[in-house]
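Novice: Sharing coords34.tsv here; it has TSV, C-alpha atoms.
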```tsv
chain	number	residue	atom	x	y	z
A	217	MET	CA	28.41	-39.50	6.85
A	218	GLU	CA	28.81	-38.48	10.50
A	219	PHE	CA	31.20	-36.17	12.33
A	220	PHE	CA	30.56	-38.00	15.58
A	221	ARG	CA	28.21	-40.52	17.14
A	222	ILE	CA	26.56	-39.94	20.50
A	223	LYS	CA	26.23	-43.24	22.31
A	224	LYS	CA	23.85	-42.07	25.04
A	225	ASP	CA	20.56	-40.44	24.08
A	226	ILE	CA	20.12	-36.79	25.10
A	227	PRO	CA	16.83	-36.33	27.04
A	228	PHE	CA	15.42	-33.54	24.87
A	229	MET	CA	11.79	-34.27	25.74
A	230	ARG	CA	12.51	-34.00	29.47
A	231	HIS	CA	13.08	-30.25	28.95
A	232	ALA	CA	10.49	-29.81	26.18
A	233	LEU	CA	8.13	-27.76	28.36
A	234	VAL	CA	10.82	-25.23	29.31
A	235	PHE	CA	11.95	-24.72	25.74
A	236	ASN	CA	8.38	-24.40	24.45
A	237	VAL	CA	7.61	-21.77	27.08
A	238	ILE	CA	10.61	-19.83	25.74
A	239	SER	CA	9.29	-20.34	22.20
A	240	ALA	CA	5.84	-19.11	23.24
A	241	LEU	CA	7.27	-15.96	24.83
A	242	THR	CA	9.39	-15.28	21.72
A	243	PHE	CA	6.35	-15.86	19.51
A	244	VAL	CA	4.20	-13.46	21.57
A	245	ALA	CA	6.96	-10.81	21.44
A	246	ALA	CA	7.17	-11.17	17.65
A	247	VAL	CA	3.39	-10.80	17.29
A	248	PHE	CA	3.47	-7.73	19.55
A	249	PHE	CA	6.11	-5.99	17.41
A	250	LEU	CA	4.23	-6.93	14.23
A	251	LEU	CA	1.03	-5.36	15.57
A	252	HIS	CA	2.66	-2.41	17.32
A	253	ARG	CA	5.35	-1.37	14.82
A	254	GLY	CA	4.39	-3.23	11.67
A	255	LEU	CA	6.63	-4.17	8.75
A	256	HIS	CA	8.68	-1.62	6.85
A	257	LEU	CA	7.35	-2.56	3.42
A	258	SER	CA	9.31	-1.83	0.26
A	259	VAL	CA	8.14	0.04	-2.84
A	260	GLU	CA	6.74	-3.16	-4.38
A	261	PHE	CA	4.10	-3.31	-1.64
A	262	THR	CA	3.49	0.37	-0.81
A	263	GLY	CA	3.84	1.93	-4.27
A	264	GLY	CA	6.44	4.46	-5.37
A	265	THR	CA	8.76	5.44	-8.19
A	266	VAL	CA	11.13	3.17	-10.10
A	267	MET	CA	13.95	4.84	-12.03
A	268	GLU	CA	16.45	3.31	-14.42
A	269	LEU	CA	19.74	5.18	-14.95
A	270	LYS	CA	22.71	4.56	-17.19
A	271	TYR	CA	26.15	5.80	-16.13
A	272	GLN	CA	28.99	6.40	-18.54
A	273	GLN	CA	31.43	4.93	-16.02
A	274	PRO	CA	30.75	1.96	-13.69
A	275	ALA	CA	28.22	3.18	-11.15
A	276	ASN	CA	29.23	3.73	-7.53
A	277	LEU	CA	26.21	2.34	-5.69
A	278	GLU	CA	27.40	3.46	-2.26
A	279	ARG	CA	27.72	7.07	-3.43
A	280	ILE	CA	24.27	6.88	-5.04
A	281	ARG	CA	22.71	5.64	-1.81
A	282	HIS	CA	24.49	8.34	0.19
A	283	THR	CA	23.20	11.01	-2.20
A	284	LEU	CA	19.64	9.75	-1.84
A	285	GLU	CA	19.98	9.77	1.95
A	286	THR	CA	21.10	13.41	1.88
A	287	ILE	CA	17.84	14.45	0.16
A	288	GLY	CA	15.66	12.63	2.71
A	289	TYR	CA	15.26	9.02	1.55
A	290	GLU	CA	15.79	6.52	4.37
A	291	GLN	CA	17.34	3.17	3.40
A	292	PRO	CA	17.24	3.92	-0.35
A	293	GLU	CA	17.20	0.92	-2.65
A	294	ALA	CA	19.78	1.24	-5.44
A	295	THR	CA	20.74	-1.93	-7.29
A	296	GLY	CA	22.72	-2.73	-10.39
A	297	PHE	CA	21.21	-4.72	-13.23
A	298	GLY	CA	22.43	-5.80	-16.63
A	299	THR	CA	25.86	-4.19	-16.62
A	300	ALA	CA	27.92	-2.24	-14.10
A	301	HIS	CA	26.73	0.96	-15.80
A	302	ASP	CA	23.00	0.33	-15.25
A	303	VAL	CA	21.29	1.24	-11.97
A	304	MET	CA	17.71	0.79	-10.77
A	305	LEU	CA	16.31	3.01	-8.02
A	306	ARG	CA	13.17	2.20	-6.04
A	307	LEU	CA	11.88	5.24	-4.20
A	308	PRO	CA	8.93	5.30	-1.77
A	309	VAL	CA	6.05	7.73	-2.05
A	310	VAL	CA	6.82	11.13	-0.50
A	311	LYS	CA	3.83	13.09	0.79
A	312	GLY	CA	3.27	16.38	-1.00
A	313	ILE	CA	5.54	15.53	-3.93
A	314	THR	CA	4.31	14.09	-7.22
A	315	PRO	CA	6.20	11.12	-8.74
A	316	ASN	CA	7.47	13.31	-11.61
A	317	ALA	CA	8.76	15.96	-9.22
A	318	ALA	CA	10.40	13.29	-7.03
A	319	SER	CA	12.20	11.68	-9.97
A	320	ALA	CA	13.37	15.11	-11.19
A	321	GLN	CA	14.69	15.97	-7.72
A	322	VAL	CA	16.54	12.67	-7.44
A	323	PHE	CA	18.10	12.92	-10.90
A	324	GLU	CA	19.24	16.48	-10.21
A	325	ALA	CA	20.87	15.43	-6.93
A	326	LEU	CA	22.65	12.49	-8.60
A	327	CYS	CA	23.83	14.75	-11.40
A	328	LYS	CA	25.33	17.21	-8.92
A	329	ALA	CA	27.05	14.31	-7.16
A	330	GLU	CA	28.76	13.55	-10.49
A	331	THR	CA	29.71	17.28	-10.82
A	332	GLY	CA	27.58	17.59	-13.93
A	333	SER	CA	24.71	19.75	-15.14
A	334	LEU	CA	21.24	18.85	-16.36
A	335	LYS	CA	20.62	18.74	-20.07
A	336	GLN	CA	17.75	17.64	-22.27
A	337	ILE	CA	18.51	15.50	-25.32
A	338	ASP	CA	16.10	15.05	-28.21
A	339	THR	CA	16.40	11.48	-29.50
A	340	VAL	CA	14.59	9.48	-32.17
A	341	THR	CA	13.36	5.96	-31.34
A	342	ALA	CA	13.40	3.00	-33.70
A	343	LYS	CA	9.76	3.80	-34.60
A	344	GLY	CA	10.73	7.32	-35.64
A	345	GLU	CA	9.25	9.02	-32.56
A	346	HIS	CA	10.96	12.04	-31.01
A	347	VAL	CA	11.61	11.56	-27.32
A	348	VAL	CA	13.14	14.12	-24.96
A	349	LYS	CA	15.39	12.49	-22.34
A	350	GLN	CA	17.04	14.04	-19.33
A	351	SER	CA	20.77	13.73	-19.24
A	352	CYS	CA	23.62	14.82	-17.02
A	353	ALA	CA	26.50	16.33	-18.96
A	354	GLY	CA	29.99	17.06	-17.71
A	355	ALA	CA	32.88	19.03	-19.14
A	356	GLY	CA	32.79	19.23	-22.92
A	357	ASP	CA	29.13	18.11	-22.96
A	358	ALA	CA	30.22	14.53	-22.24
A	359	GLU	CA	27.25	12.54	-20.99
A	360	LEU	CA	27.77	11.28	-17.43
A	361	VAL	CA	24.33	9.92	-16.51
A	362	SER	CA	21.18	9.42	-18.56
A	363	LEU	CA	17.65	8.79	-17.31
A	364	GLN	CA	16.44	5.73	-19.21
A	365	LYS	CA	13.01	5.15	-17.71
A	366	VAL	CA	10.69	6.32	-14.92
A	367	GLU	CA	7.76	4.23	-13.76
A	368	PHE	CA	5.25	4.74	-10.97
A	369	VAL	CA	4.11	1.69	-8.99
A	370	GLY	CA	0.60	2.47	-7.79
A	371	PRO	CA	-0.97	1.35	-4.49
A	372	GLN	CA	-3.22	-1.11	-6.36
A	373	VAL	CA	-0.16	-2.99	-7.64
A	374	GLY	CA	1.25	-3.04	-4.10
A	375	ASP	CA	-2.03	-4.41	-2.70
A	376	GLU	CA	-2.07	-7.09	-5.39
A	377	LEU	CA	1.48	-8.16	-4.55
A	378	THR	CA	0.61	-8.27	-0.85
A	379	GLN	CA	-2.39	-10.48	-1.54
A	380	ASN	CA	-0.34	-12.74	-3.82
A	381	GLY	CA	2.32	-13.07	-1.13
A	382	LEU	CA	-0.27	-14.08	1.48
A	383	ASN	CA	-1.80	-16.54	-0.98
A	384	ALA	CA	1.62	-18.10	-1.59
A	385	LEU	CA	2.19	-18.47	2.16
A	386	VAL	CA	-1.22	-20.11	2.69
A	387	MET	CA	-0.69	-22.47	-0.27
A	388	VAL	CA	2.68	-23.58	1.14
A	389	VAL	CA	1.16	-24.25	4.57
A	390	ILE	CA	-1.74	-26.27	3.12
A	391	GLY	CA	0.60	-28.23	0.83
A	392	VAL	CA	2.93	-29.10	3.70
A	393	MET	CA	0.04	-30.28	5.89
A	394	ILE	CA	-1.34	-32.52	3.15
A	395	TYR	CA	2.10	-33.98	2.40
A	396	LEU	CA	2.91	-34.78	6.03
A	397	ALA	CA	-0.57	-36.12	6.75
A	398	ILE	CA	-0.23	-38.56	3.83
A	399	ARG	CA	3.37	-39.54	4.50
A	400	PHE	CA	3.12	-39.80	8.28
A	401	GLU	CA	0.02	-38.94	10.30
A	402	TRP	CA	-2.13	-35.88	10.98
A	403	LYS	CA	-0.49	-35.30	14.37
A	404	PHE	CA	2.88	-34.86	12.68
A	405	ALA	CA	1.30	-32.51	10.11
A	406	VAL	CA	-0.12	-30.27	12.86
A	407	ALA	CA	3.19	-30.35	14.78
A	408	ALA	CA	5.19	-29.37	11.68
A	409	ILE	CA	2.86	-26.49	10.78
A	410	VAL	CA	2.98	-25.13	14.35
A	411	ALA	CA	6.79	-25.22	14.21
A	412	ASN	CA	6.95	-23.64	10.72
A	413	LEU	CA	4.55	-20.82	11.54
A	414	HIS	CA	6.61	-20.27	14.70
A	415	ASP	CA	9.67	-19.73	12.46
A	416	VAL	CA	7.86	-17.42	10.02
A	417	VAL	CA	6.33	-15.21	12.71
A	418	ILE	CA	9.68	-14.85	14.50
A	419	ILE	CA	11.39	-13.81	11.23
A	420	LEU	CA	8.67	-11.21	10.65
A	421	GLY	CA	9.02	-10.12	14.29
A	422	PHE	CA	12.74	-9.43	13.78
A	423	PHE	CA	11.97	-7.35	10.68
A	424	ALA	CA	9.27	-5.43	12.56
A	425	PHE	CA	11.46	-4.80	15.62
A	426	PHE	CA	14.50	-3.53	13.69
A	427	GLN	CA	12.36	-1.97	10.92
A	428	TRP	CA	14.36	-3.71	8.21
A	429	GLU	CA	12.89	-3.32	4.74
A	430	PHE	CA	10.55	-6.15	3.80
A	431	SER	CA	10.67	-6.69	0.03
A	432	LEU	CA	9.68	-9.40	-2.43
A	433	THR	CA	13.19	-10.81	-2.06
A	434	VAL	CA	12.70	-11.18	1.70
A	435	LEU	CA	9.31	-12.81	1.09
A	436	ALA	CA	11.07	-15.35	-1.13
A	437	GLY	CA	13.51	-15.99	1.74
A	438	VAL	CA	10.63	-16.57	4.17
A	439	LEU	CA	9.03	-19.11	1.81
A	440	ALA	CA	12.42	-20.81	1.41
A	441	VAL	CA	12.70	-21.09	5.19
A	442	LEU	CA	9.31	-22.80	5.29
A	443	GLY	CA	10.49	-25.53	2.95
A	444	TYR	CA	13.86	-25.79	4.65
A	445	SER	CA	12.35	-26.17	8.11
A	446	VAL	CA	9.90	-28.80	6.88
A	447	ASN	CA	12.82	-30.83	5.53
A	448	GLU	CA	14.43	-30.98	8.98
A	449	SER	CA	11.12	-31.96	10.58
A	450	VAL	CA	10.61	-34.74	8.02
A	451	VAL	CA	14.06	-36.18	8.78
A	452	ILE	CA	13.26	-36.35	12.50
A	453	PHE	CA	9.74	-37.71	11.94
A	454	ASP	CA	11.10	-40.38	9.61
A	455	ARG	CA	13.61	-41.47	12.24
A	456	ILE	CA	10.82	-41.56	14.87
A	457	ARG	CA	8.79	-43.89	12.64
A	458	GLU	CA	11.85	-46.08	12.11
A	459	ASN	CA	12.52	-46.23	15.85
A	460	PHE	CA	8.93	-47.26	16.56
A	461	ARG	CA	9.60	-50.33	14.41
A	462	LYS	CA	12.98	-51.15	15.98
A	463	GLN	CA	12.46	-50.19	19.63
A	464	ARG	CA	9.33	-52.13	20.50
A	465	LYS	CA	9.68	-51.76	24.27
A	466	ALA	CA	10.81	-48.12	24.37
A	467	SER	CA	8.47	-45.35	25.50
A	468	VAL	CA	7.45	-42.47	23.23
A	469	HIS	CA	9.86	-40.13	25.07
A	470	GLU	CA	12.76	-42.52	24.54
A	471	VAL	CA	11.91	-43.06	20.87
A	472	ILE	CA	11.83	-39.31	20.16
A	473	ASP	CA	15.01	-38.63	22.16
A	474	ASN	CA	16.86	-41.33	20.22
A	475	ALA	CA	15.55	-40.01	16.89
A	476	ILE	CA	16.78	-36.48	17.59
A	477	THR	CA	20.12	-37.63	19.04
A	478	SER	CA	20.88	-39.92	16.11
A	479	THR	CA	20.27	-37.09	13.59
A	480	ILE	CA	22.37	-34.44	15.36
A	481	SER	CA	25.49	-35.15	13.29
A	482	ARG	CA	23.51	-34.92	10.06
A	483	THR	CA	21.89	-31.68	11.26
A	484	ILE	CA	25.27	-30.07	12.02
A	485	ILE	CA	26.70	-31.03	8.61
A	486	THR	CA	23.64	-29.93	6.61
A	487	HIS	CA	22.83	-26.71	8.42
A	488	GLY	CA	26.49	-25.80	8.92
A	489	CYS	CA	27.19	-25.94	5.18
A	490	THR	CA	23.99	-24.04	4.37
A	491	GLN	CA	24.71	-21.41	6.99
A	492	MET	CA	28.21	-20.81	5.63
A	493	MET	CA	26.75	-20.07	2.21
A	494	VAL	CA	24.07	-17.79	3.67
A	495	LEU	CA	26.60	-15.92	5.81
A	496	SER	CA	28.77	-15.34	2.74
A	497	MET	CA	25.74	-13.69	1.08
A	498	LEU	CA	25.07	-11.70	4.25
A	499	PHE	CA	28.58	-10.26	4.57
A	500	LEU	CA	29.76	-10.26	0.95
A	501	GLY	CA	26.58	-10.02	-1.10
A	502	GLY	CA	26.11	-6.29	-0.58
A	503	PRO	CA	22.88	-4.39	0.21
A	504	THR	CA	20.94	-6.18	-2.52
A	505	LEU	CA	21.14	-9.58	-0.80
A	506	HIS	CA	21.56	-8.36	2.78
A	507	PHE	CA	17.99	-8.66	4.06
A	508	PHE	CA	17.33	-11.81	2.02
A	509	ALA	CA	20.34	-13.46	3.68
A	510	MET	CA	19.27	-12.06	7.06
A	511	ALA	CA	15.85	-13.72	6.75
A	512	LEU	CA	17.50	-17.02	5.83
A	513	THR	CA	19.99	-16.76	8.72
A	514	ILE	CA	17.25	-16.20	11.29
A	515	GLY	CA	15.07	-18.87	9.70
A	516	ILE	CA	17.78	-21.54	9.66
A	517	CYS	CA	18.71	-20.97	13.30
A	518	PHE	CA	15.12	-21.03	14.54
A	519	GLY	CA	14.26	-23.83	12.08
A	520	ILE	CA	16.70	-26.18	13.80
A	521	TYR	CA	15.36	-25.14	17.20
A	522	SER	CA	11.69	-25.56	16.23
A	523	SER	CA	12.19	-28.95	14.54
A	524	VAL	CA	13.81	-30.37	17.69
A	525	PHE	CA	12.01	-28.65	20.56
A	526	VAL	CA	8.70	-27.55	19.03
A	527	ALA	CA	7.65	-30.00	16.30
A	528	ALA	CA	8.74	-33.16	18.13
A	529	ALA	CA	7.30	-31.94	21.45
A	530	VAL	CA	3.94	-30.95	19.92
A	531	ALA	CA	3.69	-34.36	18.23
A	532	MET	CA	4.39	-35.99	21.59
A	533	TRP	CA	1.75	-33.88	23.38
A	534	LEU	CA	-0.80	-34.66	20.67
A	535	GLY	CA	-0.43	-38.28	21.72
A	536	VAL	CA	1.51	-39.82	18.83
A	537	LYS	CA	2.05	-43.52	19.42
A	538	ARG	CA	3.40	-46.60	17.69
A	539	GLU	CA	-0.03	-47.65	16.40
A	540	ASP	CA	-0.39	-44.34	14.51
A	541	LEU	CA	2.54	-45.16	12.24
A	542	ILE	CA	2.76	-48.96	12.22
A	543	LYS	CA	-0.22	-51.09	11.43
A	544	PRO	CA	-0.55	-54.04	13.82
A	545	ILE	CA	0.16	-57.45	12.29
A	546	LYS	CA	-2.94	-59.60	12.30
A	547	GLU	CA	-2.40	-63.10	13.58
A	548	LYS	CA	-3.15	-65.75	10.98
A	549	ASP	CA	-6.18	-67.89	11.75
A	550	GLU	CA	-5.00	-71.51	11.98
A	551	THR	CA	-8.37	-72.78	10.74
A	552	ASP	CA	-8.12	-70.54	7.62
A	553	GLY	CA	-11.61	-69.31	8.35
A	554	ALA	CA	-13.24	-72.73	8.37
A	555	VAL	CA	-15.88	-73.34	11.01
A	556	VAL	CA	-16.58	-76.87	12.23
```
Could you take the file, read its structure, and then write that structure out as structure tokens?
Specialist:
Amino acid sequence: MEFFRIKKDIPFMRHALVFNVISALTFVAAVFFLLHRGLHLSVEFTGGTVMELKYQQPANLERIRHTLETIGYEQPEATGFGTAHDVMLRLPVVKGITPNAASAQVFEALCKAETGSLKQIDTVTAKGEHVVKQSCAGAGDAELVSLQKVEFVGPQVGDELTQNGLNALVMVVIGVMIYLAIRFEWKFAVAAIVANLHDVVIILGFFAFFQWEFSLTVLAGVLAVLGYSVNESVVIFDRIRENFRKQRKASVHEVIDNAITSTISRTIITHGCTQMMVLSMLFLGGPTLHFFAMALTIGICFGIYSSVFVAAAVAMWLGVKREDLIKPIKEKDETDGAVV
């Protein structure tokens, strides 16, 4: 299906050098911000306190976040889980305050926000154990908020998650290179990896520059962008291989320009539909999905750009030619090998 058909090929490769210089400058800027400012890592990576609360009424997440901001937590992470009454808080480590003291301070502030008072309740578990839980009671001793669980995520867990995230990124890169080298040719594999790493570093550069929180959810978005960008590169590479078969007299520049031009309509349909879904998550998904959708939005935009102007251009500069993708047809020996 096509929205439109462009009859004359657009000379993308004529301007490849200019666009790749822009890409290089953007890449260098992203690396600079990553080294200079670094990523604003979430509790999963740095360690901190995780609290689970249960509200008697549906929890107001915006009010909870505002309360946490008033006691000194920047960009607090408060998310609902299970039901509308259950809330999970992820709090970073605060210097000079123990995790127990931090959780007590937070629960007291949230209780005051609900115009309640702290109260300790002695409960008996299913195993017959007596457990003292903190609760927030209102008028008539009606329970407003109860503290269900407090856990401390240590730095070792954060280091392990960081290492696992890097391992996942490396595994994806190696897998993509092997796949493209087998399906096409090593020059296309190198070109695709250069383009994909270009996308990943620029996403990380945005997060470093604006100091947006980088969580496991955002890491999942970055890995999704890797696969998504590879898909666009494969479509263009496949059309280049097809054109090498059809356009025997065309130059490499002309073959690549025709491949990109003929896939523009497909690119607009595919990426347009995907971007609409991602933008709906960005604007309507709330704080929980905000940075995940932001990573996808940046990745999709730069993924289209890199597939057209970076991957195809790098493959061209590496010297890809018709013989790399199409095996020459051997002329049949009229004597069938017989020697007289």
Novice: I want to know what sits within 12 Å of stretch 479-485 of chain A, based on only C-alpha atoms, with residues of the same chain fewer than 2 positions away left out; could you give that as a VMD selection string?
Specialist: chain A and resid 217 to 223 225 to 226 228 444 to 445 447 to 456 472 to 477 487 to 492 516 to 517 519 to 521 523 to 524
Novice: With all atoms listed in the file as the basis for distance, which of A:Lys311, A:His469, A:Lys270, A:Arg279 is at the shortest distance from A:Glu359?
Specialist: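 Closest candidate: A:Lys270.
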Novice: Just checking: using only C-alpha atoms, which residue out of A:Ala358, A:Arg457, A:Ala240, A:Asp375 ends up closest to A:Arg399?
Specialist: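 The closest residue to A:Arg399 is A:Arg457.
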Novice: One decimal, Å: what's the distance from atom CA of A:Val494 over to atom CA of A:Leu257, could you say?
Specialist: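 So the answer is 22.6 Å.
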Novice: Which distance in Å separates atom CA of A:Val369 and atom CA of A:Val259, to one decimal?
Specialist: 7.5 Å
Novice: Have a look at atom CA of A:Gly421 and atom CA of A:Arg281 and let me know their distance in Å, one decimal.
Specialist: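 About the pair atom CA of A:Gly421 and atom CA of A:Arg281: they are 26.4 Å apart.
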Novice: At a cut-off of 12 Å, using only C-alpha atoms, what residues contact A:Ala320? Leave out same-chain residues fewer than 3 positions from it and give the result as a ChimeraX atom specification.
Specialist: /A:265,267,313-317,323-327,334,349-352,363,365-366
Novice: Excluding A:Thr295 and its own-chain neighbours fewer than 5 positions away, which residues fall within 8 Å of it when counting only C-alpha atoms? Please give them as a list in words.
Specialist: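 Those residues are Leu277, Val303, Met304, Leu305 and Thr504 of chain A.
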Novice: Counting only C-alpha atoms, which of A:Ala529, A:Leu377, A:Ile337, A:Leu500 gets nearest to A:Leu432?
Specialist: A:Leu377
